[in-house]
$ cat my_file.pdb   # PDB, C-alpha atoms
ATOM      1  CA  MET A   1     137.107 216.671 -12.279
ATOM      2  CA  HIS A   2     135.338 215.572  -9.141
ATOM      3  CA  ILE A   3     136.523 213.411  -6.221
ATOM      4  CA  GLN A   4     134.360 211.036  -4.205
ATOM      5  CA  ILE A   5     135.576 209.263  -1.058
ATOM      6  CA  VAL A   6     133.653 206.274   0.271
ATOM      7  CA  ASN A   7     134.597 204.663   3.600
ATOM      8  CA  PHE A   8     133.095 201.876   5.679
ATOM      9  CA  ASN A   9     133.966 199.272   8.289
ATOM     10  CA  LEU A  10     133.834 195.546   7.650
ATOM     11  CA  LYS A  11     131.357 193.513   9.674
ATOM     12  CA  GLY A  12     131.178 189.725   9.706
ATOM     13  CA  ILE A  13     133.627 189.249   6.827
ATOM     14  CA  SER A  14     137.371 188.718   6.896
ATOM     15  CA  GLU A  15     139.706 191.040   5.054
ATOM     16  CA  GLU A  16     140.747 188.102   2.872
ATOM     17  CA  ASP A  17     137.135 187.439   1.859
ATOM     18  CA  TYR A  18     136.583 191.164   1.298
ATOM     19  CA  ARG A  19     139.611 191.335  -1.001
ATOM     20  CA  GLY A  20     138.310 188.340  -2.944
ATOM     21  CA  LEU A  21     134.970 190.085  -3.408
ATOM     22  CA  CYS A  22     136.743 193.253  -4.562
ATOM     23  CA  GLU A  23     138.840 191.339  -7.092
ATOM     24  CA  SER A  24     135.685 189.877  -8.590
ATOM     25  CA  ILE A  25     133.969 193.258  -8.992
ATOM     26  CA  ALA A  26     136.960 195.465  -9.900
ATOM     27  CA  PRO A  27     136.365 194.997 -13.667
ATOM     28  CA  VAL A  28     132.875 196.473 -13.240
ATOM     29  CA  PHE A  29     134.399 199.667 -11.850
ATOM     30  CA  ALA A  30     136.934 199.768 -14.680
ATOM     31  CA  ASN A  31     134.062 200.191 -17.133
ATOM     32  CA  LEU A  32     131.985 202.823 -15.319
ATOM     33  CA  PRO A  33     131.195 205.787 -17.578
ATOM     34  CA  GLY A  34     133.017 208.925 -16.468
ATOM     35  CA  LEU A  35     135.263 207.185 -13.928
ATOM     36  CA  VAL A  36     138.864 208.303 -14.416
ATOM     37  CA  SER A  37     140.245 206.079 -11.645
ATOM     38  CA  LYS A  38     139.415 204.306  -8.415
ATOM     39  CA  THR A  39     141.953 203.807  -5.651
ATOM     40  CA  TRP A  40     141.031 201.045  -3.202
ATOM     41  CA  LEU A  41     141.709 201.838   0.467
ATOM     42  CA  ALA A  42     142.397 199.691   3.531
ATOM     43  CA  ASP A  43     143.376 200.568   7.099
ATOM     44  CA  THR A  44     143.367 197.290   8.964
ATOM     45  CA  ALA A  45     144.253 198.998  12.263
ATOM     46  CA  THR A  46     140.934 200.881  12.260
ATOM     47  CA  ASN A  47     138.944 198.397  10.151
ATOM     48  CA  THR A  48     138.330 201.149   7.596
ATOM     49  CA  TYR A  49     138.025 200.352   3.897
ATOM     50  CA  GLY A  50     136.701 202.065   0.825
ATOM     51  CA  GLY A  51     137.804 203.967  -2.227
ATOM     52  CA  VAL A  52     138.775 207.279  -3.728
ATOM     53  CA  TYR A  53     137.022 207.844  -7.033
ATOM     54  CA  VAL A  54     138.135 210.410  -9.577
ATOM     55  CA  TRP A  55     135.269 211.370 -11.866
ATOM     56  CA  GLN A  56     135.335 213.398 -15.073
ATOM     57  CA  ASP A  57     132.693 215.643 -13.540
ATOM     58  CA  ARG A  58     130.044 215.791 -10.842
ATOM     59  CA  GLU A  59     127.379 214.556 -13.241
ATOM     60  CA  ALA A  60     129.268 211.278 -13.808
ATOM     61  CA  MET A  61     129.492 210.791 -10.042
ATOM     62  CA  GLU A  62     125.784 211.479  -9.613
ATOM     63  CA  ASP A  63     124.970 209.015 -12.401
ATOM     64  CA  TYR A  64     127.071 206.376 -10.599
ATOM     65  CA  MET A  65     125.160 207.003  -7.382
ATOM     66  CA  GLU A  66     121.984 205.876  -9.180
ATOM     67  CA  THR A  67     123.490 202.501 -10.158
ATOM     68  CA  ASP A  68     122.871 199.169  -8.471
ATOM     69  CA  ILE A  69     126.578 198.834  -7.694
ATOM     70  CA  PHE A  70     126.594 202.038  -5.632
ATOM     71  CA  LYS A  71     123.285 201.217  -3.969
ATOM     72  CA  GLY A  72     124.730 197.801  -3.114
ATOM     73  CA  ILE A  73     127.263 199.445  -0.814
ATOM     74  CA  GLY A  74     124.452 200.685   1.402
ATOM     75  CA  THR A  75     122.625 197.370   1.460
ATOM     76  CA  ASN A  76     125.652 195.105   1.934
ATOM     77  CA  PRO A  77     125.329 193.510   5.403
ATOM     78  CA  HIS A  78     129.149 193.339   5.653
ATOM     79  CA  PHE A  79     129.580 197.131   5.480
ATOM     80  CA  GLU A  80     128.729 199.456   8.363
ATOM     81  CA  GLY A  81     129.461 203.053   9.222
ATOM     82  CA  ILE A  82     129.361 204.064   5.563
ATOM     83  CA  THR A  83     130.363 207.614   4.706
ATOM     84  CA  VAL A  84     130.352 209.251   1.287
ATOM     85  CA  LYS A  85     131.936 212.642   0.666
ATOM     86  CA  ASP A  86     132.583 214.449  -2.564
ATOM     87  CA  PHE A  87     134.762 217.368  -3.525
ATOM     88  CA  ALA A  88     135.273 219.601  -6.522
ATOM     89  CA  VAL A  89     138.864 219.624  -7.811
ATOM     90  CA  LEU A  90     140.510 223.037  -7.977
ATOM     91  CA  ASP A  91     141.891 222.462 -11.465
ATOM     92  CA  SER A  92     144.433 225.264 -11.812
ATOM     93  CA  LEU A  93     146.006 224.691  -8.396
ATOM     94  CA  THR A  94     146.047 220.921  -8.893
ATOM     95  CA  ARG A  95     147.865 221.335 -12.221
ATOM     96  CA  ILE A  96     150.511 223.547 -10.592
ATOM     97  CA  THR A  97     151.304 220.872  -8.015
ATOM     98  CA  GLY A  98     151.158 217.991 -10.513
ATOM     99  CA  GLY A  99     148.118 216.415  -8.885
ATOM    100  CA  LEU A 100     146.060 213.780 -10.695
ATOM    101  CA  ALA A 101     149.080 213.361 -12.972
ATOM    102  CA  SER A 102     148.299 216.852 -14.252
ATOM    103  CA  PHE A 103     145.206 215.484 -15.977
ATOM    104  CA  ALA A 104     147.214 213.243 -18.324
ATOM    105  CA  ALA A 105     144.187 211.169 -19.201
TER     106      ALA A 105
END

$ encode --input "my_file.pdb" --output "structure tokens"
Amino acid sequence: MHIQIVNFNLKGISEEDYRGLCESIAPVFANLPGLVSKTWLADTATNTYGGVYVWQDREAMEDYMETDIFKGIGTNPHFEGITVKDFAVLDSLTRITGGLASFAA
């Protein structure tokens, strides 16, 4: 498994409009090859939004980063301060603590 965290700030778009946009594109994420889950994030106090992606492996994440949907994050005029970080999952330790639902998928 591999984790990817994407964060950004909204610029020139209301949170309501942002949520509407997200609702319209959520089904696209649901069908991404290798994506186990995506958790949508919002911190209105700091104007920070984004997602936590759980990928089957690093290769699936890298494939996603070549898609138009990922590239669209960087070119969207309503997103600024974009950060993307990724992490390997320490499988055995994560299983011990029941993380990622102990890989139930």

$ residues_around --input "my_file.pdb" --residues "segment 48-53 of chain A" --least-positions-apart "4" --cutoff "8 Å" --atoms "all atoms listed in the file" --output "mmCIF file with C-alpha atoms, in the frame of the given file"
data_model
loop_
_atom_site.group_PDB
_atom_site.id
_atom_site.type_symbol
_atom_site.label_atom_id
_atom_site.label_comp_id
_atom_site.auth_asym_id
_atom_site.auth_seq_id
_atom_site.Cartn_x
_atom_site.Cartn_y
_atom_site.Cartn_z
ATOM 1 C CA ILE A 3 136.523 213.411 -6.221
ATOM 2 C CA GLN A 4 134.360 211.036 -4.205
ATOM 3 C CA ILE A 5 135.576 209.263 -1.058
ATOM 4 C CA VAL A 6 133.653 206.274 0.271
ATOM 5 C CA ASN A 7 134.597 204.663 3.600
ATOM 6 C CA PHE A 8 133.095 201.876 5.679
ATOM 7 C CA ASN A 9 133.966 199.272 8.289
ATOM 8 C CA LEU A 10 133.834 195.546 7.650
ATOM 9 C CA LEU A 35 135.263 207.185 -13.928
ATOM 10 C CA VAL A 36 138.864 208.303 -14.416
ATOM 11 C CA SER A 37 140.245 206.079 -11.645
ATOM 12 C CA LYS A 38 139.415 204.306 -8.415
ATOM 13 C CA THR A 39 141.953 203.807 -5.651
ATOM 14 C CA TRP A 40 141.031 201.045 -3.202
ATOM 15 C CA LEU A 41 141.709 201.838 0.467
ATOM 16 C CA ALA A 42 142.397 199.691 3.531
ATOM 17 C CA ASP A 43 143.376 200.568 7.099
ATOM 18 C CA THR A 44 143.367 197.290 8.964
#

$ axis_aligned_box --input "my_file.pdb" --around "segment 58-64 of chain A" --padding-each-side "5 Å" --output "lines of an AutoDock Vina configuration file"
center_x = 127.5
center_y = 211.1
center_z = -11.7
size_x = 15.1
size_y = 19.4
size_z = 14.2

$ closest_residue --input "my_file.pdb" --among "A:Lys11, A:Leu90, A:Gly34, A:Ile82" --to "Asp57 of chain A" --atoms "only C-alpha atoms"
A:Gly34

$ atom_distance --input "my_file.pdb" --atom1 "atom CA of Glu16 of chain A" --atom2 "atom CA of Ile73 of chain A"
18.0 Å

$ closest_residue --input "my_file.pdb" --among "A:Cys22, A:Ala60, A:Val54, A:Ile69" --to "Gly99 of chain A" --atoms "only C-alpha atoms"
A:Val54

$ atom_distance --input "my_file.pdb" --atom1 "atom CA of Pro77 of chain A" --atom2 "atom CA of Ala26 of chain A"
19.3 Å

$ residues_around --input "my_file.pdb" --residues "Lys71 of chain A" --least-positions-apart "5" --cutoff "12 Å" --atoms "all atoms listed in the file" --output "number ranges by chain"
A: 62-66, 76, 82, 84

$ decode --input "my_file.pdb" --residues "segment 30-73 of chain A" --atoms "N, CA and C atoms" --output "PDB file, in the first residue's frame"
ATOM      1  N   ALA A  30     -13.705   7.249  -7.906  1.00  0.00           N
ATOM      2  CA  ALA A  30     -14.154   5.917  -7.495  1.00  0.00           C
ATOM      3  C   ALA A  30     -13.726   4.836  -8.481  1.00  0.00           C
ATOM      4  N   ASN A  31     -13.439   5.232  -9.710  1.00  0.00           N
ATOM      5  CA  ASN A  31     -13.075   4.257 -10.739  1.00  0.00           C
ATOM      6  C   ASN A  31     -11.600   4.289 -11.137  1.00  0.00           C
ATOM      7  N   LEU A  32     -10.765   4.977 -10.358  1.00  0.00           N
ATOM      8  CA  LEU A  32      -9.343   5.032 -10.705  1.00  0.00           C
ATOM      9  C   LEU A  32      -8.676   3.687 -10.432  1.00  0.00           C
ATOM     10  N   PRO A  33      -7.953   3.157 -11.398  1.00  0.00           N
ATOM     11  CA  PRO A  33      -7.253   1.885 -11.195  1.00  0.00           C
ATOM     12  C   PRO A  33      -6.249   1.985 -10.043  1.00  0.00           C
ATOM     13  N   GLY A  34      -6.303   1.023  -9.144  1.00  0.00           N
ATOM     14  CA  GLY A  34      -5.349   0.958  -8.045  1.00  0.00           C
ATOM     15  C   GLY A  34      -5.680   1.810  -6.842  1.00  0.00           C
ATOM     16  N   LEU A  35      -6.745   2.627  -6.921  1.00  0.00           N
ATOM     17  CA  LEU A  35      -7.130   3.449  -5.775  1.00  0.00           C
ATOM     18  C   LEU A  35      -7.981   2.620  -4.828  1.00  0.00           C
ATOM     19  N   VAL A  36      -7.508   2.453  -3.604  1.00  0.00           N
ATOM     20  CA  VAL A  36      -8.250   1.710  -2.586  1.00  0.00           C
ATOM     21  C   VAL A  36      -9.318   2.606  -1.981  1.00  0.00           C
ATOM     22  N   SER A  37      -8.935   3.857  -1.656  1.00  0.00           N
ATOM     23  CA  SER A  37      -9.899   4.818  -1.116  1.00  0.00           C
ATOM     24  C   SER A  37      -9.347   6.226  -1.219  1.00  0.00           C
ATOM     25  N   LYS A  38     -10.267   7.182  -1.194  1.00  0.00           N
ATOM     26  CA  LYS A  38      -9.902   8.595  -1.111  1.00  0.00           C
ATOM     27  C   LYS A  38     -10.739   9.205  -0.009  1.00  0.00           C
ATOM     28  N   THR A  39     -10.081   9.891   0.910  1.00  0.00           N
ATOM     29  CA  THR A  39     -10.773  10.630   1.960  1.00  0.00           C
ATOM     30  C   THR A  39     -10.619  12.109   1.641  1.00  0.00           C
ATOM     31  N   TRP A  40     -11.743  12.803   1.528  1.00  0.00           N
ATOM     32  CA  TRP A  40     -11.757  14.224   1.190  1.00  0.00           C
ATOM     33  C   TRP A  40     -11.553  15.030   2.468  1.00  0.00           C
ATOM     34  N   LEU A  41     -10.714  16.060   2.411  1.00  0.00           N
ATOM     35  CA  LEU A  41     -10.357  16.838   3.589  1.00  0.00           C
ATOM     36  C   LEU A  41     -10.809  18.290   3.460  1.00  0.00           C
ATOM     37  N   ALA A  42     -11.160  18.888   4.602  1.00  0.00           N
ATOM     38  CA  ALA A  42     -11.496  20.313   4.637  1.00  0.00           C
ATOM     39  C   ALA A  42     -11.187  20.869   6.022  1.00  0.00           C
ATOM     40  N   ASP A  43     -10.455  21.977   6.049  1.00  0.00           N
ATOM     41  CA  ASP A  43     -10.215  22.735   7.273  1.00  0.00           C
ATOM     42  C   ASP A  43     -10.556  24.177   6.934  1.00  0.00           C
ATOM     43  N   THR A  44     -11.793  24.536   7.205  1.00  0.00           N
ATOM     44  CA  THR A  44     -12.262  25.869   6.820  1.00  0.00           C
ATOM     45  C   THR A  44     -11.522  26.970   7.567  1.00  0.00           C
ATOM     46  N   ALA A  45     -11.050  26.680   8.789  1.00  0.00           N
ATOM     47  CA  ALA A  45     -10.351  27.692   9.578  1.00  0.00           C
ATOM     48  C   ALA A  45      -9.048  28.126   8.908  1.00  0.00           C
ATOM     49  N   THR A  46      -8.391  27.206   8.212  1.00  0.00           N
ATOM     50  CA  THR A  46      -7.128  27.541   7.540  1.00  0.00           C
ATOM     51  C   THR A  46      -7.254  27.569   6.023  1.00  0.00           C
ATOM     52  N   ASN A  47      -8.487  27.375   5.519  1.00  0.00           N
ATOM     53  CA  ASN A  47      -8.726  27.343   4.078  1.00  0.00           C
ATOM     54  C   ASN A  47      -7.866  26.268   3.401  1.00  0.00           C
ATOM     55  N   THR A  48      -7.771  25.112   4.052  1.00  0.00           N
ATOM     56  CA  THR A  48      -6.986  24.004   3.531  1.00  0.00           C
ATOM     57  C   THR A  48      -7.904  22.854   3.164  1.00  0.00           C
ATOM     58  N   TYR A  49      -7.755  22.358   1.943  1.00  0.00           N
ATOM     59  CA  TYR A  49      -8.592  21.283   1.426  1.00  0.00           C
ATOM     60  C   TYR A  49      -7.693  20.253   0.762  1.00  0.00           C
ATOM     61  N   GLY A  50      -8.259  19.138   0.386  1.00  0.00           N
ATOM     62  CA  GLY A  50      -7.473  18.146  -0.315  1.00  0.00           C
ATOM     63  C   GLY A  50      -7.972  16.742  -0.081  1.00  0.00           C
ATOM     64  N   GLY A  51      -7.054  15.788  -0.121  1.00  0.00           N
ATOM     65  CA  GLY A  51      -7.454  14.400   0.030  1.00  0.00           C
ATOM     66  C   GLY A  51      -6.310  13.513   0.477  1.00  0.00           C
ATOM     67  N   VAL A  52      -6.704  12.407   1.091  1.00  0.00           N
ATOM     68  CA  VAL A  52      -5.766  11.348   1.444  1.00  0.00           C
ATOM     69  C   VAL A  52      -6.135  10.159   0.573  1.00  0.00           C
ATOM     70  N   TYR A  53      -5.205   9.739  -0.244  1.00  0.00           N
ATOM     71  CA  TYR A  53      -5.413   8.646  -1.180  1.00  0.00           C
ATOM     72  C   TYR A  53      -4.679   7.413  -0.669  1.00  0.00           C
ATOM     73  N   VAL A  54      -5.350   6.290  -0.688  1.00  0.00           N
ATOM     74  CA  VAL A  54      -4.714   5.020  -0.365  1.00  0.00           C
ATOM     75  C   VAL A  54      -4.637   4.237  -1.670  1.00  0.00           C
ATOM     76  N   TRP A  55      -3.409   3.952  -2.078  1.00  0.00           N
ATOM     77  CA  TRP A  55      -3.159   3.247  -3.335  1.00  0.00           C
ATOM     78  C   TRP A  55      -2.718   1.816  -3.059  1.00  0.00           C
ATOM     79  N   GLN A  56      -3.006   0.928  -3.991  1.00  0.00           N
ATOM     80  CA  GLN A  56      -2.550  -0.461  -3.865  1.00  0.00           C
ATOM     81  C   GLN A  56      -1.036  -0.524  -3.791  1.00  0.00           C
ATOM     82  N   ASP A  57      -0.378   0.348  -4.558  1.00  0.00           N
ATOM     83  CA  ASP A  57       1.080   0.381  -4.562  1.00  0.00           C
ATOM     84  C   ASP A  57       1.544   1.714  -5.151  1.00  0.00           C
ATOM     85  N   ARG A  58       2.824   1.950  -5.059  1.00  0.00           N
ATOM     86  CA  ARG A  58       3.392   3.205  -5.563  1.00  0.00           C
ATOM     87  C   ARG A  58       3.168   3.356  -7.067  1.00  0.00           C
ATOM     88  N   GLU A  59       3.242   2.269  -7.783  1.00  0.00           N
ATOM     89  CA  GLU A  59       3.054   2.323  -9.236  1.00  0.00           C
ATOM     90  C   GLU A  59       1.670   2.870  -9.600  1.00  0.00           C
ATOM     91  N   ALA A  60       0.637   2.450  -8.881  1.00  0.00           N
ATOM     92  CA  ALA A  60      -0.717   2.958  -9.143  1.00  0.00           C
ATOM     93  C   ALA A  60      -0.779   4.464  -8.906  1.00  0.00           C
ATOM     94  N   MET A  61      -0.113   4.926  -7.835  1.00  0.00           N
ATOM     95  CA  MET A  61      -0.075   6.356  -7.560  1.00  0.00           C
ATOM     96  C   MET A  61       0.651   7.100  -8.685  1.00  0.00           C
ATOM     97  N   GLU A  62       1.770   6.570  -9.117  1.00  0.00           N
ATOM     98  CA  GLU A  62       2.526   7.221 -10.185  1.00  0.00           C
ATOM     99  C   GLU A  62       1.735   7.247 -11.487  1.00  0.00           C
ATOM    100  N   ASP A  63       0.989   6.190 -11.764  1.00  0.00           N
ATOM    101  CA  ASP A  63       0.129   6.174 -12.954  1.00  0.00           C
ATOM    102  C   ASP A  63      -0.931   7.274 -12.859  1.00  0.00           C
ATOM    103  N   TYR A  64      -1.518   7.440 -11.674  1.00  0.00           N
ATOM    104  CA  TYR A  64      -2.521   8.488 -11.452  1.00  0.00           C
ATOM    105  C   TYR A  64      -1.921   9.873 -11.701  1.00  0.00           C
ATOM    106  N   MET A  65      -0.684  10.059 -11.297  1.00  0.00           N
ATOM    107  CA  MET A  65      -0.050  11.367 -11.445  1.00  0.00           C
ATOM    108  C   MET A  65       0.187  11.738 -12.908  1.00  0.00           C
ATOM    109  N   GLU A  66       0.026  10.792 -13.812  1.00  0.00           N
ATOM    110  CA  GLU A  66       0.146  11.061 -15.246  1.00  0.00           C
ATOM    111  C   GLU A  66      -1.207  11.353 -15.896  1.00  0.00           C
ATOM    112  N   THR A  67      -2.288  11.273 -15.119  1.00  0.00           N
ATOM    113  CA  THR A  67      -3.629  11.475 -15.680  1.00  0.00           C
ATOM    114  C   THR A  67      -3.995  12.955 -15.764  1.00  0.00           C
ATOM    115  N   ASP A  68      -4.965  13.249 -16.610  1.00  0.00           N
ATOM    116  CA  ASP A  68      -5.458  14.619 -16.733  1.00  0.00           C
ATOM    117  C   ASP A  68      -6.101  15.092 -15.442  1.00  0.00           C
ATOM    118  N   ILE A  69      -6.740  14.188 -14.704  1.00  0.00           N
ATOM    119  CA  ILE A  69      -7.409  14.619 -13.469  1.00  0.00           C
ATOM    120  C   ILE A  69      -6.388  15.106 -12.452  1.00  0.00           C
ATOM    121  N   PHE A  70      -5.260  14.408 -12.321  1.00  0.00           N
ATOM    122  CA  PHE A  70      -4.228  14.875 -11.388  1.00  0.00           C
ATOM    123  C   PHE A  70      -3.596  16.164 -11.898  1.00  0.00           C
ATOM    124  N   LYS A  71      -3.273  16.210 -13.165  1.00  0.00           N
ATOM    125  CA  LYS A  71      -2.664  17.414 -13.732  1.00  0.00           C
ATOM    126  C   LYS A  71      -3.592  18.619 -13.610  1.00  0.00           C
ATOM    127  N   GLY A  72      -4.904  18.360 -13.610  1.00  0.00           N
ATOM    128  CA  GLY A  72      -5.883  19.428 -13.461  1.00  0.00           C
ATOM    129  C   GLY A  72      -5.819  20.127 -12.116  1.00  0.00           C
ATOM    130  N   ILE A  73      -5.336  19.425 -11.098  1.00  0.00           N
ATOM    131  CA  ILE A  73      -5.179  20.063  -9.786  1.00  0.00           C
ATOM    132  C   ILE A  73      -4.196  21.226  -9.907  1.00  0.00           C
TER     133      ILE A  73
END
